[in-house]
>>> print(open('coords27.txt').read())   # compact mmCIF, C-alpha atoms and all ligand atoms
# COMPACT_ATOMS: atom_id res chain seq x y z
CA MET C 1291 26.77 2.82 -84.22
CA ASP C 1292 28.60 -0.32 -82.95
CA LYS C 1293 26.58 -3.49 -82.69
CA PRO C 1294 25.75 -4.70 -79.16
CA SER C 1295 28.42 -7.21 -78.11
CA TYR C 1296 27.90 -10.44 -76.18
CA LEU C 1297 30.59 -12.74 -74.83
CA PHE C 1298 29.46 -16.38 -74.67
CA ILE C 1299 31.43 -18.79 -72.47
CA LEU C 1300 30.54 -22.39 -73.26
CA ASN C 1301 31.26 -25.37 -71.02
CA PRO C 1302 31.49 -28.37 -73.37
CA ASN C 1303 31.37 -30.66 -70.33
CA SER C 1304 27.96 -29.58 -69.01
CA GLY C 1305 24.61 -31.24 -69.50
CA THR C 1306 23.72 -34.61 -70.87
CA SER C 1307 24.65 -34.10 -74.52
CA THR C 1308 28.09 -32.65 -74.00
CA GLY C 1309 31.03 -32.02 -76.38
CA LYS C 1310 29.51 -33.28 -79.59
CA ASN C 1311 26.78 -30.65 -79.41
CA ALA C 1312 29.05 -27.78 -78.41
CA LEU C 1313 30.08 -27.05 -81.99
CA PHE C 1314 26.47 -27.13 -83.16
CA THR C 1315 25.55 -24.74 -80.29
CA SER C 1316 28.27 -22.25 -81.20
CA GLN C 1317 27.28 -22.34 -84.88
CA SER C 1318 23.64 -21.70 -83.94
CA ILE C 1319 24.68 -18.75 -81.77
CA GLU C 1320 26.72 -17.23 -84.62
CA ARG C 1321 23.78 -17.64 -87.02
CA LEU C 1322 21.23 -16.13 -84.62
CA ALA C 1323 23.57 -13.29 -83.60
CA LYS C 1324 23.91 -12.34 -87.27
CA LYS C 1325 20.16 -12.50 -87.74
CA ASN C 1326 19.65 -10.24 -84.69
CA ASN C 1327 22.41 -7.85 -85.77
CA VAL C 1328 24.53 -8.35 -82.65
CA HIS C 1329 28.21 -9.21 -82.27
CA ALA C 1330 28.92 -12.56 -80.58
CA GLU C 1331 32.26 -13.86 -79.31
CA ILE C 1332 32.28 -17.48 -78.20
CA ILE C 1333 34.94 -19.10 -76.02
CA PHE C 1334 35.02 -22.74 -74.90
CA THR C 1335 36.17 -23.58 -71.39
CA GLU C 1336 39.01 -26.05 -71.08
CA SER C 1337 38.77 -27.11 -67.45
CA GLN C 1338 37.01 -26.58 -64.16
CA GLY C 1339 37.42 -22.96 -62.98
CA HIS C 1340 38.45 -21.71 -66.44
CA ALA C 1341 35.17 -19.78 -66.92
CA THR C 1342 35.98 -17.59 -63.88
CA LEU C 1343 39.33 -16.58 -65.38
CA LEU C 1344 37.90 -16.07 -68.87
CA THR C 1345 35.23 -13.76 -67.43
CA ARG C 1346 37.71 -11.79 -65.36
CA ASP C 1347 40.21 -11.45 -68.22
CA ASN C 1348 37.60 -10.31 -70.75
CA LEU C 1349 35.49 -8.11 -68.46
CA ASP C 1350 36.96 -4.78 -69.50
CA LYS C 1351 37.74 -5.67 -73.10
CA THR C 1352 34.60 -3.99 -74.39
CA ASN C 1353 31.25 -2.77 -73.15
CA TRP C 1354 29.52 -6.18 -73.12
CA GLN C 1355 25.72 -6.27 -73.14
CA ALA C 1356 26.20 -9.48 -71.17
CA ILE C 1357 28.69 -12.22 -70.48
CA VAL C 1358 26.67 -15.33 -71.12
CA ALA C 1359 27.08 -18.69 -69.38
CA ILE C 1360 26.36 -21.67 -71.62
CA GLY C 1361 26.09 -24.63 -69.27
CA GLY C 1362 24.50 -25.49 -65.97
CA ASP C 1363 24.59 -24.01 -62.48
CA GLY C 1364 28.29 -24.79 -62.07
CA THR C 1365 29.17 -22.76 -65.16
CA VAL C 1366 26.80 -19.97 -64.12
CA ASN C 1367 28.54 -19.90 -60.74
CA GLU C 1368 32.03 -19.71 -62.25
CA ILE C 1369 31.08 -16.79 -64.51
CA ALA C 1370 28.79 -14.94 -62.11
CA ARG C 1371 31.42 -14.89 -59.33
CA SER C 1372 33.56 -12.66 -61.58
CA LEU C 1373 30.57 -10.40 -62.32
CA VAL C 1374 29.38 -9.79 -58.73
CA LEU C 1375 29.42 -6.08 -57.89
CA THR C 1376 30.38 -5.09 -61.45
CA ASP C 1377 28.19 -3.32 -64.02
CA THR C 1378 28.43 -6.15 -66.54
CA PRO C 1379 25.31 -8.32 -66.58
CA LEU C 1380 25.22 -12.10 -66.64
CA GLY C 1381 23.24 -13.93 -69.33
CA ILE C 1382 22.29 -17.62 -69.19
CA LEU C 1383 21.78 -20.14 -71.97
CA PRO C 1384 20.82 -23.21 -69.93
CA MET C 1385 22.64 -26.29 -71.21
CA GLY C 1386 23.32 -28.08 -67.92
CA SER C 1387 21.78 -31.10 -66.24
CA GLY C 1388 19.75 -29.25 -63.61
CA ASN C 1389 19.69 -25.55 -64.61
CA GLY C 1390 18.25 -24.45 -61.26
CA LEU C 1391 18.85 -20.71 -61.57
CA ALA C 1392 17.66 -20.57 -65.19
CA ARG C 1393 14.50 -22.52 -64.37
CA HIS C 1394 13.77 -20.33 -61.35
CA LEU C 1395 14.12 -17.27 -63.59
CA GLY C 1396 11.94 -18.73 -66.37
CA ILE C 1397 14.72 -18.72 -68.98
CA PRO C 1398 13.74 -21.07 -71.83
CA LEU C 1399 15.66 -24.33 -72.02
CA GLN C 1400 15.68 -24.34 -75.84
CA LEU C 1401 18.69 -22.56 -77.31
CA GLU C 1402 16.83 -20.52 -79.92
CA ALA C 1403 14.13 -19.33 -77.49
CA ALA C 1404 16.72 -18.49 -74.82
CA LEU C 1405 18.76 -16.46 -77.33
CA HIS C 1406 15.66 -14.65 -78.56
CA LYS C 1407 14.88 -13.67 -74.94
CA LEU C 1408 18.50 -12.70 -74.24
CA PHE C 1409 18.81 -10.37 -77.23
CA ARG C 1410 15.59 -8.59 -76.26
CA GLY C 1411 16.11 -8.75 -72.50
CA THR C 1412 16.46 -5.96 -69.96
CA VAL C 1413 18.90 -5.73 -67.06
CA HIS C 1414 17.69 -6.70 -63.57
CA THR C 1415 19.55 -6.94 -60.28
CA ILE C 1416 19.45 -10.03 -58.09
CA ASP C 1417 20.93 -11.15 -54.77
CA SER C 1418 23.84 -13.54 -54.49
CA ALA C 1419 25.26 -15.20 -51.38
CA LEU C 1420 28.44 -16.44 -49.76
CA LEU C 1421 29.23 -19.69 -47.94
CA ASN C 1422 32.41 -18.62 -46.10
CA ASP C 1423 34.12 -16.94 -49.06
CA ILE C 1424 32.52 -19.13 -51.75
CA PRO C 1425 29.93 -17.29 -53.86
CA PHE C 1426 26.67 -19.04 -54.71
CA PHE C 1427 23.66 -17.91 -56.68
CA CYS C 1428 21.07 -20.69 -56.56
CA THR C 1429 21.33 -22.96 -53.49
CA ALA C 1430 24.01 -24.23 -51.12
CA GLY C 1431 23.69 -26.80 -48.39
CA ILE C 1432 24.84 -29.59 -46.17
CA GLY C 1433 23.45 -33.09 -45.68
CA PHE C 1434 21.84 -35.46 -48.14
CA ASP C 1435 21.89 -33.11 -51.14
CA ALA C 1436 25.63 -32.47 -50.70
CA TYR C 1437 26.22 -36.22 -50.36
CA VAL C 1438 24.24 -36.97 -53.53
CA GLY C 1439 25.95 -34.04 -55.29
CA LYS C 1440 29.33 -35.68 -54.62
CA LEU C 1441 28.22 -39.12 -55.83
CA PHE C 1442 26.55 -37.53 -58.88
CA SER C 1443 29.74 -35.64 -59.79
CA GLU C 1444 31.54 -39.00 -60.00
CA GLN C 1445 29.09 -40.43 -62.60
CA LYS C 1446 29.96 -40.58 -66.30
CA ILE C 1447 26.36 -39.96 -67.46
CA ARG C 1448 24.59 -36.90 -66.08
CA GLY C 1449 20.93 -35.79 -66.21
CA LEU C 1450 17.85 -36.28 -64.05
CA ALA C 1451 17.69 -40.08 -64.47
CA THR C 1452 21.24 -40.48 -63.13
CA TYR C 1453 20.54 -38.02 -60.32
CA MET C 1454 17.41 -39.91 -59.23
CA ASN C 1455 19.23 -43.21 -59.48
CA VAL C 1456 22.14 -42.00 -57.32
CA SER C 1457 19.71 -40.43 -54.81
CA PHE C 1458 17.67 -43.61 -54.50
CA ARG C 1459 20.71 -45.86 -54.04
CA SER C 1460 22.31 -43.63 -51.39
CA TYR C 1461 19.07 -42.90 -49.52
CA TRP C 1462 18.86 -46.22 -47.63
CA ASP C 1463 22.26 -46.04 -45.93
CA TYR C 1464 22.43 -42.28 -45.47
CA GLN C 1465 22.87 -41.21 -41.83
CA PRO C 1466 21.43 -37.81 -40.77
CA GLN C 1467 23.95 -35.40 -39.21
CA GLN C 1468 24.06 -33.44 -35.96
CA ILE C 1469 24.65 -29.76 -36.67
CA LYS C 1470 24.41 -26.51 -34.76
CA LEU C 1471 22.48 -23.84 -36.62
CA ASN C 1472 23.00 -20.46 -34.95
CA GLY C 1473 24.00 -22.26 -31.74
CA VAL C 1474 21.00 -24.64 -31.65
CA THR C 1475 21.83 -28.34 -31.98
CA GLN C 1476 19.62 -30.44 -34.24
CA GLU C 1477 19.76 -33.62 -36.28
CA VAL C 1478 19.11 -32.92 -39.95
CA PHE C 1479 18.63 -34.90 -43.12
CA SER C 1480 19.60 -31.75 -45.00
CA LEU C 1481 19.94 -28.03 -44.53
CA THR C 1482 19.60 -25.85 -47.61
CA PHE C 1483 20.32 -22.16 -48.04
CA ALA C 1484 18.12 -21.04 -50.89
CA ASN C 1485 18.76 -17.85 -52.81
CA ALA C 1486 16.70 -19.25 -55.71
CA GLY C 1487 13.90 -21.75 -55.07
CA GLN C 1488 15.12 -24.98 -56.63
CA TYR C 1489 18.10 -27.33 -56.86
CA GLY C 1490 17.50 -27.78 -60.58
CA ASN C 1491 15.27 -30.10 -62.61
CA ASN C 1492 12.29 -28.40 -60.93
CA ALA C 1493 13.11 -29.86 -57.53
CA TRP C 1494 11.67 -26.96 -55.53
CA VAL C 1495 13.34 -26.98 -52.13
CA ALA C 1496 12.12 -23.47 -51.28
CA PRO C 1497 9.40 -22.49 -53.77
CA GLN C 1498 8.80 -19.21 -51.98
CA ALA C 1499 12.43 -18.02 -52.24
CA SER C 1500 12.95 -14.71 -53.99
CA LEU C 1501 16.13 -13.54 -55.72
CA GLN C 1502 15.33 -9.95 -54.87
CA ASP C 1503 14.31 -9.96 -51.20
CA GLY C 1504 17.80 -9.53 -49.69
CA GLN C 1505 17.32 -12.77 -47.72
CA LEU C 1506 18.17 -16.45 -47.80
CA ASP C 1507 15.45 -19.03 -47.19
CA ILE C 1508 16.80 -21.76 -44.92
CA CYS C 1509 15.07 -25.10 -45.41
CA THR C 1510 15.69 -27.59 -42.59
CA ILE C 1511 14.63 -31.17 -43.33
CA ARG C 1512 14.71 -33.03 -40.03
CA THR C 1513 15.16 -36.77 -39.61
CA PHE C 1514 12.10 -38.66 -40.88
CA PRO C 1515 11.09 -42.32 -41.17
CA LYS C 1516 12.45 -44.00 -44.33
CA TRP C 1517 8.92 -44.71 -45.62
CA TYR C 1518 8.30 -40.96 -45.81
CA GLY C 1519 10.90 -40.54 -48.61
CA THR C 1520 8.42 -41.03 -51.47
CA SER C 1521 6.13 -38.34 -50.09
CA LEU C 1522 9.09 -36.00 -49.71
CA VAL C 1523 10.14 -36.48 -53.33
CA TYR C 1524 6.56 -35.92 -54.50
CA ARG C 1525 6.36 -32.70 -52.46
CA LEU C 1526 9.76 -31.54 -53.75
CA PHE C 1527 8.63 -31.77 -57.38
CA THR C 1528 5.17 -30.30 -56.75
CA ARG C 1529 6.31 -27.27 -54.71
CA GLN C 1530 4.67 -28.59 -51.54
CA LEU C 1531 7.61 -29.19 -49.20
CA LYS C 1532 6.46 -26.49 -46.82
CA ASP C 1533 3.38 -28.52 -45.87
CA SER C 1534 5.51 -31.32 -44.41
CA ASP C 1535 5.77 -31.91 -40.65
CA TYR C 1536 9.47 -32.68 -40.99
CA ILE C 1537 10.40 -29.38 -42.59
CA THR C 1538 10.94 -25.89 -41.22
CA TYR C 1539 11.69 -22.70 -43.13
CA HIS C 1540 13.02 -19.42 -41.97
CA ARG C 1541 14.40 -16.35 -43.67
CA THR C 1542 17.64 -14.71 -42.69
CA THR C 1543 20.44 -12.51 -43.97
CA ASP C 1544 23.13 -14.72 -42.40
CA ALA C 1545 23.65 -17.86 -40.36
CA THR C 1546 26.40 -19.85 -38.62
CA ILE C 1547 26.68 -23.61 -38.86
CA GLU C 1548 28.87 -25.82 -36.69
CA THR C 1549 29.51 -29.54 -37.19
CA SER C 1550 31.41 -32.20 -35.27
CA ALA C 1551 33.80 -32.76 -38.20
CA PRO C 1552 34.55 -30.75 -41.36
CA PRO C 1553 31.44 -31.26 -43.49
CA LEU C 1554 30.82 -32.02 -47.11
CA ILE C 1555 28.83 -29.11 -48.54
CA HIS C 1556 27.56 -28.14 -51.96
CA TYR C 1557 27.32 -24.74 -53.58
CA ASP C 1558 25.12 -24.55 -56.69
CA GLY C 1559 25.30 -28.34 -56.88
CA GLU C 1560 29.11 -28.49 -56.82
CA PRO C 1561 30.29 -30.70 -53.93
CA LEU C 1562 33.13 -29.51 -51.70
CA GLN C 1563 34.76 -31.08 -48.65
CA LEU C 1564 35.47 -28.26 -46.18
CA ASP C 1565 38.57 -28.44 -43.98
CA VAL C 1566 36.97 -26.54 -41.08
CA ASP C 1567 34.11 -27.66 -38.80
CA HIS C 1568 32.09 -24.45 -39.03
CA PHE C 1569 30.95 -22.09 -41.74
CA THR C 1570 28.80 -19.03 -42.27
CA VAL C 1571 26.35 -18.13 -44.98
CA LYS C 1572 25.32 -14.62 -45.81
CA ILE C 1573 23.34 -12.80 -48.43
CA ARG C 1574 24.80 -10.13 -50.67
CA PRO C 1575 21.71 -8.12 -51.61
CA ALA C 1576 21.36 -6.74 -55.14
CA SER C 1577 24.89 -7.78 -56.06
CA LEU C 1578 24.53 -9.24 -59.56
CA LYS C 1579 23.17 -7.74 -62.76
CA ILE C 1580 21.43 -10.19 -65.07
CA VAL C 1581 19.71 -9.94 -68.45
CA LEU C 1582 16.17 -11.36 -68.42
N1 LIG C 1601 36.19 -27.86 -70.38
C1 LIG C 1601 35.84 -28.48 -69.26
N2 LIG C 1601 36.20 -29.76 -69.04
C2 LIG C 1601 35.81 -30.40 -67.91
N3 LIG C 1601 35.03 -29.84 -66.94
C3 LIG C 1601 34.65 -28.58 -67.13
C4 LIG C 1601 35.03 -27.82 -68.27
N4 LIG C 1601 34.50 -26.58 -68.18
C5 LIG C 1601 33.81 -26.56 -67.00
N5 LIG C 1601 33.90 -27.75 -66.38
C6 LIG C 1601 33.24 -28.19 -65.13
O1 LIG C 1601 32.08 -28.93 -65.50
C7 LIG C 1601 31.27 -29.06 -64.32
C8 LIG C 1601 29.82 -29.18 -64.68
O2 LIG C 1601 29.36 -27.97 -65.21
P1 LIG C 1601 27.87 -27.46 -65.00
O3 LIG C 1601 27.52 -27.46 -63.55
O4 LIG C 1601 27.72 -26.21 -65.73
O5 LIG C 1601 27.00 -28.57 -65.74
P2 LIG C 1601 25.97 -29.61 -65.13
O6 LIG C 1601 26.51 -30.18 -63.85
O7 LIG C 1601 25.64 -30.54 -66.23
O8 LIG C 1601 24.69 -28.69 -64.85
P3 LIG C 1601 23.90 -28.37 -63.46
O9 LIG C 1601 24.93 -27.84 -62.49
O10 LIG C 1601 22.88 -27.36 -63.84
O11 LIG C 1601 23.32 -29.68 -63.01
C9 LIG C 1601 31.63 -27.86 -63.45
O12 LIG C 1601 32.27 -28.34 -62.28
C10 LIG C 1601 32.64 -27.10 -64.29
O13 LIG C 1601 33.66 -26.50 -63.52
>>> encode(input="coords27.txt", output="structure tokens", more="lines below")
Ligand SMILES: Nc1ncnc2c1ncn2[C@@H]1O[C@H](COP(=O)(O)OP(=O)(O)OP(=O)(O)O)[C@@H](O)[C@H]1O
Amino acid sequence: MDKPSYLFILNPNSGTSTGKNALFTSQSIERLAKKNNVHAEIIFTESQGHATLLTRDNLDKTNWQAIVAIGGDGTVNEIARSLVLTDTPLGILPMGSGNGLARHLGIPLQLEAALHKLFRGTVHTIDSALLNDIPFFCTAGIGFDAYVGKLFSEQKIRGLATYMNVSFRSYWDYQPQQIKLNGVTQEVFSLTFANAGQYGNNAWVAPQASLQDGQLDICTIRTFPKWYGTSLVYRLFTRQLKDSDYITYHRTTDATIETSAPPLIHYDGEPLQLDVDHFTVKIRPASLKIVL
């Protein structure tokens, strides 16, 4: 009988300890694949978007047990978007800065433990979502988190410390935005569409979000006094945002958002400047197979 085959797609630009560790990671995968009697093919990405093409081009090459993203939420997004509504499952070896989807799913952050789990895992089905025609799997949003996401993407050093530093510096001058959510005008600090519960780094924006309920959890953070920021951060990291007076949650399958000018958004932490002043989000229930 043929050995089970796994395709690993590694982003050498993800995480805090990038390129220099990529070779070590691929050697460890080869060693552990041999030990577990599975066949492993490993490909390195060469640029942004490359993982999507690699996944698409290799999808039908063999009967993969999984196509495995090695990186963070951006890499997961690029690979998963080519796997949506196919029978090939996604696998995740979290090597990014935030690893929101992996953390939500309880995938170990250590390579060896994550591989051990992957090789013994079973296939589950989870929801994914769309912002206009852009797939996302963890969270998407508009407002402060998109703004910080853009500034963060311009930093040379990644990781939680850089993220917190960028957030803190941009917080003081940040101006909340007027938006229309399903026709209702409101001023928001941020609006998050949560398929999974956290942004990454255990920042739980919607701790109650489920990947299997066929719904998105919308978290609206309204304008609040600047002094309240510390409390908000504390609540974010202790899964207590829902107890705040400035925050509202609701669940939905879809929503429409209108803005006065084309907004900056993020999808799975990747910032994007839209060129239209409105967008929709919608859930795609049970659309992605994943090994857990
Ligand atoms: N070979 C490459 N060279 C440069 N950039 C790449 C390469 N391959 C992928 N990328 C880009 O690297 C970016 C960061 O990847 P990713 O999001 O996986 O890591 P991260 O930002 O460290 O983790 P997280 O999103 O969990 O915080 C993505 O925009 C991705 O498209």
>>> atom_distance(input="coords27.txt", atom1="CA of Thr1315 (chain C)", atom2="CA of Leu1578 (chain C)")
25.9 Å
>>> residues_around(input="coords27.txt", residues="Arg1541 (chain C)", least_positions_apart="4", cutoff="12 Å", atoms="all atoms listed in the file", output="list in words")
Thr1482, Phe1483, Ala1484, Asn1485, Ala1496, Gln1498, Ala1499, Ser1500, Asp1503, Gly1504, Gln1505, Leu1506, Asp1507, Ile1508, Cys1509, Thr1510, Ala1545, Lys1572 and Ile1573 of chain C
>>> closest_residue(input="coords27.txt", among="C:Gly1411, C:Gly1388, C:Pro1379, C:Pro1294", to="ligand LIG 1601 (chain C)", atoms="all atoms listed in the file")
C:Gly1388
>>> closest_atom_pairs(input="coords27.txt", of="region 1461-1512 of chain C", to="region 1446-1454 of chain C", cutoff="12 Å", atoms="only C-alpha atoms", output="CSV")
residue,atom,partner,partner_atom,distance
C:Tyr1461,CA,C:Met1454,CA,10.3
C:Tyr1489,CA,C:Leu1450,CA,11.5
C:Gly1490,CA,C:Leu1450,CA,9.2
C:Asn1491,CA,C:Leu1450,CA,6.8
C:Asn1492,CA,C:Leu1450,CA,10.1
C:Ala1493,CA,C:Leu1450,CA,10.3
>>> closest_residue(input="coords27.txt", among="C:Gln1317, C:Asn1367, C:Ser1295, C:Thr1352", to="ligand LIG 1601 (chain C)", atoms="all atoms listed in the file")
C:Asn1367
>>> closest_residue(input="coords27.txt", among="C:Val1474, C:Leu1383, C:Val1495, C:Ala1323", to="ligand LIG 1601 (chain C)", atoms="all atoms listed in the file")
C:Leu1383
>>> closest_residue(input="coords27.txt", among="C:Leu1391, C:Val1566, C:Ile1357, C:Leu1375", to="ligand LIG 1601 (chain C)", atoms="all atoms listed in the file")
C:Leu1391
>>> residues_near_ligand(input="coords27.txt", ligand="ligand LIG 1601 (chain C)", cutoff="6 Å", atoms="only C-alpha atoms and all ligand atoms", output="ChimeraX atom specification")
/C:1301-1305,1335-1339,1361-1365,1386-1389,1559
>>> residues_around(input="coords27.txt", residues="Glu1560 (chain C)", least_positions_apart="5", cutoff="8 Å", atoms="all atoms listed in the file", output="ChimeraX atom specification")
/C:1364,1439-1440,1443
>>> atom_distance(input="coords27.txt", atom1="CA of Ile1360 (chain C)", atom2="CA of Ser1480 (chain C)")
29.3 Å
>>> residues_near_point(input="coords27.txt", point="(26.7, -20.6, -53.6)", cutoff="7 Å", atoms="only C-alpha atoms", output="JSON, numbers by chain")
{"C": [1419, 1420, 1421, 1424, 1425, 1426, 1427, 1428, 1429, 1430, 1557, 1558]}
>>> write_last_selection(input="coords27.txt", atoms="C-alpha atoms", output="PDB file, keeping the file's coordinate frame")
ATOM      1  CA  ALA C1419      25.260 -15.200 -51.380  1.00  0.00           C
ATOM      2  CA  LEU C1420      28.440 -16.440 -49.760  1.00  0.00           C
ATOM      3  CA  LEU C1421      29.230 -19.690 -47.940  1.00  0.00           C
ATOM      4  CA  ILE C1424      32.520 -19.130 -51.750  1.00  0.00           C
ATOM      5  CA  PRO C1425      29.930 -17.290 -53.860  1.00  0.00           C
ATOM      6  CA  PHE C1426      26.670 -19.040 -54.710  1.00  0.00           C
ATOM      7  CA  PHE C1427      23.660 -17.910 -56.680  1.00  0.00           C
ATOM      8  CA  CYS C1428      21.070 -20.690 -56.560  1.00  0.00           C
ATOM      9  CA  THR C1429      21.330 -22.960 -53.490  1.00  0.00           C
ATOM     10  CA  ALA C1430      24.010 -24.230 -51.120  1.00  0.00           C
ATOM     11  CA  TYR C1557      27.320 -24.740 -53.580  1.00  0.00           C
ATOM     12  CA  ASP C1558      25.120 -24.550 -56.690  1.00  0.00           C
TER      13      ASP C1558
END
>>> closest_residue(input="coords27.txt", among="C:Gln1467, C:Ser1318, C:Gln1530, C:Asn1326", to="Leu1554 (chain C)", atoms="all atoms listed in the file")
C:Gln1467
>>> residues_around(input="coords27.txt", residues="Phe1334 (chain C)", least_positions_apart="3", cutoff="9 Å", atoms="only C-alpha atoms", output="number ranges by chain")
C: 1298-1302, 1312, 1341
>>> build_atoms(input="coords27.txt", residues="region 1335-1347 of chain C", atoms="N, CA and C atoms", output="compact mmCIF listing (two decimals), in the coordinates of the input")
# COMPACT_ATOMS: atom_id res chain seq x y z
N THR C 1335 35.33 -23.34 -72.57
CA THR C 1335 36.17 -23.58 -71.39
C THR C 1335 37.01 -24.83 -71.62
N GLU C 1336 38.13 -24.89 -70.91
CA GLU C 1336 39.01 -26.05 -71.08
C GLU C 1336 39.13 -26.90 -69.82
N SER C 1337 38.66 -26.36 -68.72
CA SER C 1337 38.77 -27.11 -67.45
C SER C 1337 37.88 -26.46 -66.41
N GLN C 1338 37.76 -27.13 -65.28
CA GLN C 1338 37.01 -26.58 -64.16
C GLN C 1338 37.67 -25.27 -63.69
N GLY C 1339 36.88 -24.24 -63.45
CA GLY C 1339 37.42 -22.96 -62.98
C GLY C 1339 37.83 -22.01 -64.10
N HIS C 1340 37.96 -22.52 -65.32
CA HIS C 1340 38.45 -21.71 -66.44
C HIS C 1340 37.48 -20.55 -66.73
N ALA C 1341 36.16 -20.81 -66.59
CA ALA C 1341 35.17 -19.78 -66.92
C ALA C 1341 35.33 -18.53 -66.04
N THR C 1342 35.76 -18.73 -64.79
CA THR C 1342 35.98 -17.59 -63.88
C THR C 1342 37.10 -16.70 -64.42
N LEU C 1343 38.18 -17.34 -64.86
CA LEU C 1343 39.33 -16.58 -65.38
C LEU C 1343 38.99 -15.92 -66.70
N LEU C 1344 38.28 -16.65 -67.57
CA LEU C 1344 37.90 -16.07 -68.87
C LEU C 1344 37.04 -14.82 -68.67
N THR C 1345 36.11 -14.90 -67.71
CA THR C 1345 35.23 -13.76 -67.43
C THR C 1345 36.05 -12.58 -66.93
N ARG C 1346 36.89 -12.86 -65.95
CA ARG C 1346 37.71 -11.79 -65.36
C ARG C 1346 38.62 -11.15 -66.42
N ASP C 1347 39.24 -11.97 -67.26
CA ASP C 1347 40.21 -11.45 -68.22
C ASP C 1347 39.54 -10.66 -69.35
